[in-house]
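**Q** This is the structure, below, for whatever I ask next.
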Amino acid sequence: MVMPKDPLGLFLIYISGASPGGPGEGVGATGDIAESVGITNLKDEVAMSLAQDVEYRIHEIVQEAMKFMRHGKRTKLTVDDINNALRVRNVEPLYGFNSTDPTRFKKTLVGTPATGTTDIFYVEDEELDFETILSSPLPKVPLDISYTAHWLAIEGVQPAIVQNPTPIDAKIDIFNKRIKLDPAATTQPVVPGIKSVSGNQSSPTNASGAGVGGSSAAGGSGASGSGSGGNRNAGSDGANGASSNGSGAEIKPLVKHVLSKELQLYYERITSAVLSSDEVLRATAISSLQNDPGLHQLLPYFVQLVAEKVTQNTRNMSVLESMMSTVRALLDNDNLFIEPYLHQLMPTILTCVVGKRLGETPFENHWSLRSTATDIIVLICQKYGASYHTLQPRVIRTLLRAFLDPEKPLTTHYGAILALSRMGDQVFKTLVVPNLKTYSRVIEPELSSSDMDGQQGGLLLDEDIVLDGQAADESTTLMSLKKSEATHCLGALLTGLRNLIRNESAKSRSIPNTTTFQEVREPLAQAIGETLARALLKDDDMDQNVAGIIVVIESC
């Protein structure tokens with residue numbers, strides 16, 4: 001029989017009744033323990049059964065303790081592992097032992113020379129003096145475990161609180177990670193963003209770009225100067241200008257926005273896909289912007305891209321439509337916090353609503369673009385108007401100023417009318433309806449009375465004309481440019497009037513009305529003008545909406 005060298009194996013052999021001579025020789029510790037508690041004449045068979053059961057239980061506890069040891073990624077079994085195993089088995093743990101105390105084993109012999117001796121290893125117990133224990137001060141009560149929460153970063157900017165590292169600590173940490181020795185000068189370290197001085201000439205090293213399109217001196221946007229994703233020049237950092245120390249080294253301040261390679265690649269692919277002429281590729285990119293939950297860091301870059309592309313490409317309808325689709329996708333993405341960037345998006349969207357000229361030629365279908373931008377304006381006002389009480393009044397004031405300015409082109413009037421009509425019946429009734437008669441004098445000279453009599457029913461009675469690009473294209477080929485623009489303005493006014501009249505009539509269904517349709521024809525023409533009244537009264541259902549017509553007349 002091969003004797004194990006570890007104390008645990010020797011102990012298991014001892015309690016099982018085994019001996020160096022072979023199994024079954026002697027009863028081991030079982031008989032000794034029985035005699036110590038007053039049980040004499042314990043049969044060997046009973047002692048052997050008890051020893052086997054104890055051995056099984058000890059194996060079970062040790063196996064359970066080894067699980068805790070492996071989960072703790074340790075190779076040495078500790079007292080804590082045994083205590084955890086006992087607790088799992090619902091057994092009271094051992095007291096008086098600590099994993100930090102070194103375990104000291106002593107060896108003793110058991111048996112007589114006649115029957116044979118066996119080595120037993122035991123742990124020496126330290127003798128403690130009660131007087132010393134009682135006179136010693138009590139240990140400090142350990143603090144309870146508690147958890148606190150704090151912001152690591154808000155919109156990409158780290159707040160200056162105690163829990164977060166200071167900017168100086170962050171610079172030192174980045175410098176320590178990035179410093180590398182210059183192969184040509186082994187004594188002078190080269191730090192990215194620091195200009196090394198050699199004699200009277202300095203050779204600047206390119207600052208590492210911290211994201212797509214470089215860094216920004218603005219607080220939260222960090223958007224690039226262009227959508228191409230290039231790094232900014234070291235000297236174009238604006239307010240964050242580089243500082244120099246006495247040694248002549250120029251240190252470029254750290255950027256606030258750091259993007260991973262994956263996000264940079266994603267930004268480049270999405271921007272190229274959105275501006276692509278491939279409709280399938282563009283639709284896929286817009287769908288990704290609309291549903292991807294991980295675009296928080298790229299949001300300021302997309303906002304800046306939209307602002308720059310719209311400003312620089314007012315004559316390119318394809319780019320303008322792609323940018324409006326991008327804005328709509330970002331607004332529809334519930335995972336993005338876009339509120340801090342609304343002040344950058346609103347001028348861009350309003351440009352596509354009331355811009356003087358959109359597209360390469362005036363005959364392009366810019367009407368659908370204005371309609372799309374109008375829907376985005378209405379969505380923003382509905383979604384964020386409750387949080388920002390001045391948002392909708394400021395937008396309405398801008399649109400009303402564009403509508404009432406006779407010096408503005410009719411294309412600007414059209415976008416303003418369309419947006420005001422979709423802001424709600426109350427806005428249209430309060431701001432647009434009282435000015436209809438005056439505005440009708442602006443568009444009447446552009447409309448030929450003879451042509452209008454023949455074409456009014458086929459062209460203006462379709463309230464969806466402002467949304468139908470095909471009808472707009474056909475009208476621009478049949479009429480002159482001014483007549484086409486005036487016709488679209490008239491169609492937008494008629495659409496708003498029809499919706500207002502029908503909605504007001506629906507509210508007054510339960511109220512009896514004694515006024516006839518013929519009685520309101522003349523007052524309506526005096527209130528809103530002959531051209532608008534004649535086109536409006538040609539609708540088949542207007543005789544059933546007298547209550548709504550009365551509301552229009554009273555609003556004027």
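How things are named: the first chain in the structure tokens is A, the next is B, and so on; residues count from 1 in each chain; ligands count from 1 in the order shown.
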Mind the document's chain letters and residue numbers, and return as an MDAnalysis selection string the residues of stretch 326-554 of chain A that DSSP labels helix (DSSP H, G or I).

**A** chainID A and resid 326:332 339:354 366:384 391:404 410:422 425:446 449:459 469:478 481:507 518:528 530:536 542:544 546:554

**Q** Excluding stretch 312-325 of chain A and any residue of its chain fewer than 5 positions from it, enumerate the residues within 6 Å of it, using only C-alpha atoms, and give them as a ChimeraX atom specification.

**A** /A:306,358-360

**Q** Write out as a list in words all residues of stretch 64-137 of chain A that backbone DSSP assigns to strand (DSSP E or B).

**A**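 The strand (DSSP E or B) subset of stretch 64-137 of chain A is Phe105, Lys106, Lys107, Thr108, Leu109, Val110, Gly111, Thr112, Gly116, Thr117, Thr118, Asp119, Ile120, Phe121, Tyr122 and Val123 of chain A.
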
**Q** Compile the contact shell of A:Ile270 as number ranges by chain: residues with an atom at most 9 Å away, counting only C-alpha atoms, same-chain residues fewer than 6 positions apart removed.

**A** A: 282, 285-286, 288-289

**Q** What's the 7 Å shell around A:Ala547, counting only C-alpha atoms, without same-chain residues fewer than 3 positions away, as a list in words?

**A** Glu504, Ser505, Ser508, Ile550 and Val551 of chain A

**Q** I'd like the contact shell of A:Ile528 - 10 Å cut-off, only C-alpha atoms, skipping same-chain residues fewer than 2 positions apart - returned as a PyMOL selection string.

**A** chain A and resi 433-440+523-526+530-533+552-553+556

**Q** So how many Å separate atom CA of A:Ala51 and atom CA of A:Ala65, to one decimal?

**A**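 Between these atoms lies a distance of 20.9 Å.
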
**Q** Mind pulling up the distance from atom CA of A:Ile58 to atom CA of A:Ile39?

**A**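 A separation of 22.9 Å between them.
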
**Q** What separation in Å, quoted to one decimal, exists between atom CA of A:Gln304 and atom CA of A:Leu263?

**A**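 Computing it gives 16.1 Å between the two atoms.
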
**Q** Give me the residues near A:Lys429 as number ranges by chain, where near means some atom within 12 Å (using only C-alpha atoms) and where sequence neighbours in that chain fewer than 2 positions away do not count.

**A** A: 417, 420-427, 431-436, 493, 496-501, 503-504, 548-549, 551-556
